[in-house]
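S.K.: Quick one, data_28.cif (mmCIF, C-alpha atoms):
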```cif
data_start
#
loop_
_atom_site.group_PDB
_atom_site.id
_atom_site.type_symbol
_atom_site.label_atom_id
_atom_site.label_comp_id
_atom_site.auth_asym_id
_atom_site.auth_seq_id
_atom_site.Cartn_x
_atom_site.Cartn_y
_atom_site.Cartn_z
ATOM 1 C CA MET A 1 4.168 20.867 -35.272
ATOM 2 C CA GLY A 2 7.825 20.086 -34.803
ATOM 3 C CA PRO A 3 9.528 16.839 -35.805
ATOM 4 C CA LYS A 4 9.892 15.677 -32.190
ATOM 5 C CA SER A 5 6.161 16.188 -31.465
ATOM 6 C CA ALA A 6 5.206 14.389 -34.674
ATOM 7 C CA ALA A 7 7.520 11.474 -33.817
ATOM 8 C CA ASN A 8 5.980 11.241 -30.328
ATOM 9 C CA ILE A 9 2.460 11.120 -31.768
ATOM 10 C CA LEU A 10 3.409 8.406 -34.262
ATOM 11 C CA ARG A 11 5.143 6.376 -31.523
ATOM 12 C CA ASN A 12 2.047 6.643 -29.299
ATOM 13 C CA ILE A 13 -0.204 5.467 -32.141
ATOM 14 C CA VAL A 14 2.004 2.423 -32.726
ATOM 15 C CA ASN A 15 2.158 1.694 -28.978
ATOM 16 C CA SER A 16 -1.646 1.935 -28.638
ATOM 17 C CA LYS A 17 -2.013 -1.098 -30.911
ATOM 18 C CA SER A 18 -0.543 -3.278 -28.198
ATOM 19 C CA ASN A 19 -3.076 -2.224 -25.542
ATOM 20 C CA PRO A 20 -4.761 -5.272 -24.019
ATOM 21 C CA LEU A 21 -8.389 -6.071 -24.832
ATOM 22 C CA PRO A 22 -9.788 -4.741 -21.522
ATOM 23 C CA ARG A 23 -8.252 -1.353 -22.246
ATOM 24 C CA VAL A 24 -9.585 -1.323 -25.810
ATOM 25 C CA LEU A 25 -13.029 -2.354 -24.579
ATOM 26 C CA ALA A 26 -13.103 0.332 -21.867
ATOM 27 C CA ALA A 27 -12.092 2.980 -24.404
ATOM 28 C CA MET A 28 -14.926 2.127 -26.807
ATOM 29 C CA GLY A 29 -17.394 4.210 -24.821
ATOM 30 C CA ILE A 30 -19.900 1.479 -24.020
ATOM 31 C CA ARG A 31 -22.313 2.831 -21.438
ATOM 32 C CA PHE A 32 -21.670 1.402 -17.938
ATOM 33 C CA VAL A 33 -18.441 -0.353 -19.039
ATOM 34 C CA GLY A 34 -15.387 1.006 -17.268
ATOM 35 C CA GLU A 35 -11.988 -0.545 -16.696
ATOM 36 C CA ARG A 36 -13.120 -3.073 -14.093
ATOM 37 C CA THR A 37 -16.119 -4.339 -16.070
ATOM 38 C CA ALA A 38 -13.990 -4.491 -19.214
ATOM 39 C CA VAL A 39 -11.531 -6.800 -17.417
ATOM 40 C CA PHE A 40 -14.360 -9.094 -16.281
ATOM 41 C CA LEU A 41 -15.794 -9.230 -19.814
ATOM 42 C CA ALA A 42 -12.403 -9.941 -21.393
ATOM 43 C CA GLU A 43 -11.647 -12.638 -18.795
ATOM 44 C CA ALA A 44 -15.025 -14.301 -19.346
ATOM 45 C CA PHE A 45 -15.165 -14.226 -23.150
ATOM 46 C CA GLY A 46 -11.537 -14.078 -24.297
ATOM 47 C CA SER A 47 -12.185 -11.969 -27.397
ATOM 48 C CA LEU A 48 -14.019 -8.877 -28.579
ATOM 49 C CA ASP A 49 -15.858 -10.940 -31.191
ATOM 50 C CA ALA A 50 -17.224 -13.278 -28.506
ATOM 51 C CA ILE A 51 -18.375 -10.305 -26.419
ATOM 52 C CA ALA A 52 -20.019 -8.740 -29.478
ATOM 53 C CA GLU A 53 -21.919 -11.948 -30.248
ATOM 54 C CA ALA A 54 -22.972 -12.699 -26.664
ATOM 55 C CA SER A 55 -26.623 -12.606 -25.655
ATOM 56 C CA PRO A 56 -27.759 -10.459 -22.733
ATOM 57 C CA GLU A 57 -28.190 -13.678 -20.725
ATOM 58 C CA ASP A 58 -24.602 -14.761 -21.461
ATOM 59 C CA LEU A 59 -23.324 -11.306 -20.552
ATOM 60 C CA GLN A 60 -25.162 -11.403 -17.213
ATOM 61 C CA ARG A 61 -23.244 -14.536 -16.229
ATOM 62 C CA VAL A 62 -20.111 -12.389 -16.018
ATOM 63 C CA GLU A 63 -19.029 -11.228 -12.592
ATOM 64 C CA GLU A 64 -20.511 -7.821 -11.673
ATOM 65 C CA VAL A 65 -22.569 -7.596 -14.885
ATOM 66 C CA GLY A 66 -26.256 -7.081 -14.241
ATOM 67 C CA PRO A 67 -29.202 -6.559 -16.588
ATOM 68 C CA LYS A 68 -28.480 -2.868 -17.324
ATOM 69 C CA VAL A 69 -24.823 -3.440 -18.208
ATOM 70 C CA ALA A 70 -25.617 -6.583 -20.214
ATOM 71 C CA GLU A 71 -28.276 -4.783 -22.242
ATOM 72 C CA SER A 72 -25.972 -1.813 -22.830
ATOM 73 C CA VAL A 73 -23.155 -4.047 -24.137
ATOM 74 C CA TYR A 74 -25.586 -6.080 -26.254
ATOM 75 C CA GLN A 75 -27.157 -2.972 -27.817
ATOM 76 C CA PHE A 76 -23.761 -1.320 -28.426
ATOM 77 C CA PHE A 77 -22.699 -4.150 -30.717
ATOM 78 C CA ARG A 78 -26.053 -4.130 -32.556
ATOM 79 C CA GLU A 79 -25.527 -0.548 -33.777
ATOM 80 C CA PRO A 80 -24.171 -0.512 -37.363
ATOM 81 C CA HIS A 81 -21.833 2.441 -36.692
ATOM 82 C CA ASN A 82 -20.317 0.583 -33.717
ATOM 83 C CA ARG A 83 -19.806 -2.542 -35.856
ATOM 84 C CA ASP A 84 -18.017 -0.286 -38.367
ATOM 85 C CA LEU A 85 -15.848 1.073 -35.560
ATOM 86 C CA VAL A 86 -14.898 -2.461 -34.537
ATOM 87 C CA GLU A 87 -13.888 -3.300 -38.104
ATOM 88 C CA ARG A 88 -11.812 -0.106 -38.428
ATOM 89 C CA LEU A 89 -10.044 -0.918 -35.141
ATOM 90 C CA ARG A 90 -9.449 -4.491 -36.340
ATOM 91 C CA ALA A 91 -7.960 -3.167 -39.596
ATOM 92 C CA ALA A 92 -5.727 -0.836 -37.578
ATOM 93 C CA GLY A 93 -4.312 -3.859 -35.757
ATOM 94 C CA LEU A 94 -5.700 -3.454 -32.223
ATOM 95 C CA MET A 95 -5.780 -6.457 -29.883
ATOM 96 C CA PHE A 96 -9.107 -8.252 -29.923
ATOM 97 C CA THR A 97 -8.135 -11.326 -27.894
ATOM 98 C CA HIS A 98 -7.301 -11.781 -24.247
ATOM 99 C CA GLU A 99 -5.282 -14.383 -22.378
ATOM 100 C CA SER A 100 -6.665 -14.860 -18.895
ATOM 101 C CA MET A 101 -4.247 -13.863 -16.145
ATOM 102 C CA ARG A 102 -6.420 -15.251 -13.351
ATOM 103 C CA PRO A 103 -5.161 -18.316 -11.572
ATOM 104 C CA THR A 104 -7.395 -21.336 -12.100
ATOM 105 C CA ASP A 105 -6.552 -22.718 -8.687
ATOM 106 C CA GLY A 106 -5.269 -21.500 -5.358
ATOM 107 C CA ALA A 107 -6.063 -21.391 -1.686
ATOM 108 C CA LEU A 108 -8.786 -18.788 -2.209
ATOM 109 C CA GLN A 109 -10.330 -20.171 -5.408
ATOM 110 C CA GLY A 110 -14.050 -19.440 -5.583
ATOM 111 C CA LEU A 111 -14.008 -17.057 -2.603
ATOM 112 C CA THR A 112 -15.010 -13.404 -2.709
ATOM 113 C CA PHE A 113 -13.436 -10.849 -0.379
ATOM 114 C CA VAL A 114 -14.227 -7.249 0.512
ATOM 115 C CA LEU A 115 -11.559 -5.035 2.063
ATOM 116 C CA THR A 116 -12.347 -2.276 4.534
ATOM 117 C CA GLY A 117 -10.459 -0.050 6.913
ATOM 118 C CA THR A 118 -6.696 0.380 7.188
ATOM 119 C CA LEU A 119 -4.680 -2.817 7.347
ATOM 120 C CA PRO A 120 -1.577 -2.783 9.604
ATOM 121 C CA ALA A 121 1.079 -3.917 7.110
ATOM 122 C CA LEU A 122 -0.528 -4.240 3.674
ATOM 123 C CA SER A 123 -1.869 -1.506 1.441
ATOM 124 C CA ARG A 124 -5.276 -2.194 -0.051
ATOM 125 C CA GLU A 125 -3.629 -2.827 -3.451
ATOM 126 C CA GLU A 126 -1.170 -5.309 -1.918
ATOM 127 C CA ALA A 127 -3.982 -7.177 -0.167
ATOM 128 C CA LYS A 128 -6.040 -7.250 -3.366
ATOM 129 C CA ASP A 129 -3.052 -8.581 -5.318
ATOM 130 C CA LEU A 130 -2.387 -11.343 -2.750
ATOM 131 C CA ILE A 131 -6.031 -12.433 -2.804
ATOM 132 C CA GLU A 132 -6.198 -12.503 -6.594
ATOM 133 C CA ARG A 133 -2.893 -14.375 -6.936
ATOM 134 C CA ALA A 134 -4.317 -17.001 -4.575
ATOM 135 C CA GLY A 135 -7.370 -17.374 -6.850
ATOM 136 C CA GLY A 136 -9.834 -15.207 -4.912
ATOM 137 C CA LYS A 137 -11.891 -12.248 -6.095
ATOM 138 C CA VAL A 138 -12.110 -8.816 -4.505
ATOM 139 C CA ALA A 139 -15.416 -6.953 -4.604
ATOM 140 C CA GLY A 140 -16.126 -3.379 -3.634
ATOM 141 C CA SER A 141 -19.213 -3.946 -1.517
ATOM 142 C CA ILE A 142 -20.679 -6.505 0.862
ATOM 143 C CA SER A 143 -23.404 -8.828 -0.396
ATOM 144 C CA ARG A 144 -24.704 -12.289 0.388
ATOM 145 C CA LYS A 145 -22.123 -13.606 -2.100
ATOM 146 C CA THR A 146 -19.222 -12.224 -0.044
ATOM 147 C CA SER A 147 -17.168 -15.018 1.535
ATOM 148 C CA TYR A 148 -15.038 -12.840 3.840
ATOM 149 C CA LEU A 149 -14.659 -9.238 4.930
ATOM 150 C CA VAL A 150 -11.049 -8.318 5.645
ATOM 151 C CA ALA A 151 -11.326 -5.563 8.245
ATOM 152 C CA GLY A 152 -8.648 -3.177 9.402
ATOM 153 C CA GLU A 153 -8.819 -0.112 11.644
ATOM 154 C CA ASP A 154 -11.791 2.227 11.163
ATOM 155 C CA ALA A 155 -13.791 -0.433 9.298
ATOM 156 C CA GLY A 156 -17.088 1.494 9.307
ATOM 157 C CA SER A 157 -20.347 0.544 7.595
ATOM 158 C CA LYS A 158 -19.014 -2.455 5.669
ATOM 159 C CA LEU A 159 -18.245 -4.159 8.972
ATOM 160 C CA ALA A 160 -21.767 -3.562 10.248
ATOM 161 C CA LYS A 161 -23.298 -4.849 6.999
ATOM 162 C CA ALA A 162 -21.071 -7.940 7.038
ATOM 163 C CA GLN A 163 -22.141 -8.695 10.610
ATOM 164 C CA SER A 164 -25.828 -8.274 9.715
ATOM 165 C CA LEU A 165 -25.462 -10.670 6.745
ATOM 166 C CA GLY A 166 -23.413 -13.212 8.682
ATOM 167 C CA VAL A 167 -20.316 -12.734 6.500
ATOM 168 C CA ARG A 168 -17.143 -14.080 8.107
ATOM 169 C CA ILE A 169 -14.724 -11.359 9.211
ATOM 170 C CA LEU A 170 -10.937 -11.641 9.093
ATOM 171 C CA ASP A 171 -8.095 -9.391 10.118
ATOM 172 C CA GLU A 172 -4.901 -9.103 8.078
ATOM 173 C CA MET A 173 -3.114 -11.904 9.965
ATOM 174 C CA GLN A 174 -6.029 -14.290 9.456
ATOM 175 C CA LEU A 175 -6.110 -13.472 5.743
ATOM 176 C CA LEU A 176 -2.394 -14.237 5.416
ATOM 177 C CA ALA A 177 -2.839 -17.496 7.350
ATOM 178 C CA LEU A 178 -5.732 -18.499 5.070
ATOM 179 C CA ILE A 179 -3.586 -17.880 1.988
ATOM 180 C CA LYS A 180 -0.639 -19.760 3.477
ATOM 181 C CA ALA A 181 -2.806 -22.715 4.566
ATOM 182 C CA GLY A 182 -3.736 -23.396 0.917
#
```
Show the structure stored in the file as structure tokens.

M.R.:
Amino acid sequence: MGPKSAANILRNIVNSKSNPLPRVLAAMGIRFVGERTAVFLAEAFGSLDAIAEASPEDLQRVEEVGPKVAESVYQFFREPHNRDLVERLRAAGLMFTHESMRPTDGALQGLTFVLTGTLPALSREEAKDLIERAGGKVAGSISRKTSYLVAGEDAGSKLAKAQSLGVRILDEMQLLALIKAG
């Protein structure tokens, strides 16, 4: 290996120590825990130690964490070799705490949105970002807990499900007006 390659590897190792807790958690290989679930866990508990000590019931209180995921996380941290891994990562200097980036207030606080179809002016990522900055949550599928469906062109099956569940439906302009009204 050449000196430049070695320097790149060392730089990447040093940089990996500053990865946020959700990224560390997602990389641990906990069954059913991907990037999105890792963010929800980090937001809810604030530290890896708190997640590791949480009961399955406490874990299930986290957004989008059901019994299977909660049990998987709980069991992962009960395995001695996984506890050893956590201690080795701690000794290596990885981040085990998380500062919440979610707004605690906003026009959409406590509301859950689902996006579907093509919006006229906003990309899906832009719409998601606007909703979250206004305190709302964005889910991937319609349920009874969904506050609003934001529907664009070619909305498809999510629109039909929202209608059958009585979920309120907005277009892009109505979403923007709702955010602005707050």

S.K.: With the file shown as input, list the residues that the PyMOL selection byres ((chain A and resi 159-164) around 10) selects, as a list in words.

M.R.: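 Selection result, ordered by chain and number: Val114, Leu115, Thr116, Gly117, Ser141, Ile142, Ser143, Arg144, Thr146, Ser147, Tyr148, Leu149, Val150, Ala151, Gly152, Asp154, Ala155, Gly156, Ser157, Lys158, Leu165, Gly166, Val167, Arg168 and Ile169 of chain A.
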
S.K.: Looking at only C-alpha atoms, which of A:Ala139, A:Val86, A:Ala127, A:Leu108 is the one that sits closest to Thr37 (chain A)?

M.R.: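 Result for the nearest residue to Thr37 (chain A): A:Ala139.
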
S.K.: Evaluated on this file, the PyMOL selection byres ((chain A and resi 76) around 12) picks out some residues - which ones are they, written as a ChimeraX atom specification?

M.R.: /A:25,28-33,51-56,69-75,77-86

S.K.: Near Leu41 (chain A), within 9 Å and counting only C-alpha atoms, which residues show up once chain neighbours fewer than 5 positions away are dropped, as a list in words?

M.R.: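 Listing them by chain and then by number gives Pro22, Leu25, Arg36, Gly46, Ser47, Leu48, Ile51, Leu59, Val62, Glu63 and Val65 of chain A.
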
S.K.: How far is it from CA of Met173 (chain A) to CA of Ser123 (chain A), in Å with one decimal?

M.R.: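 Interatomic distance here is 13.5 Å.
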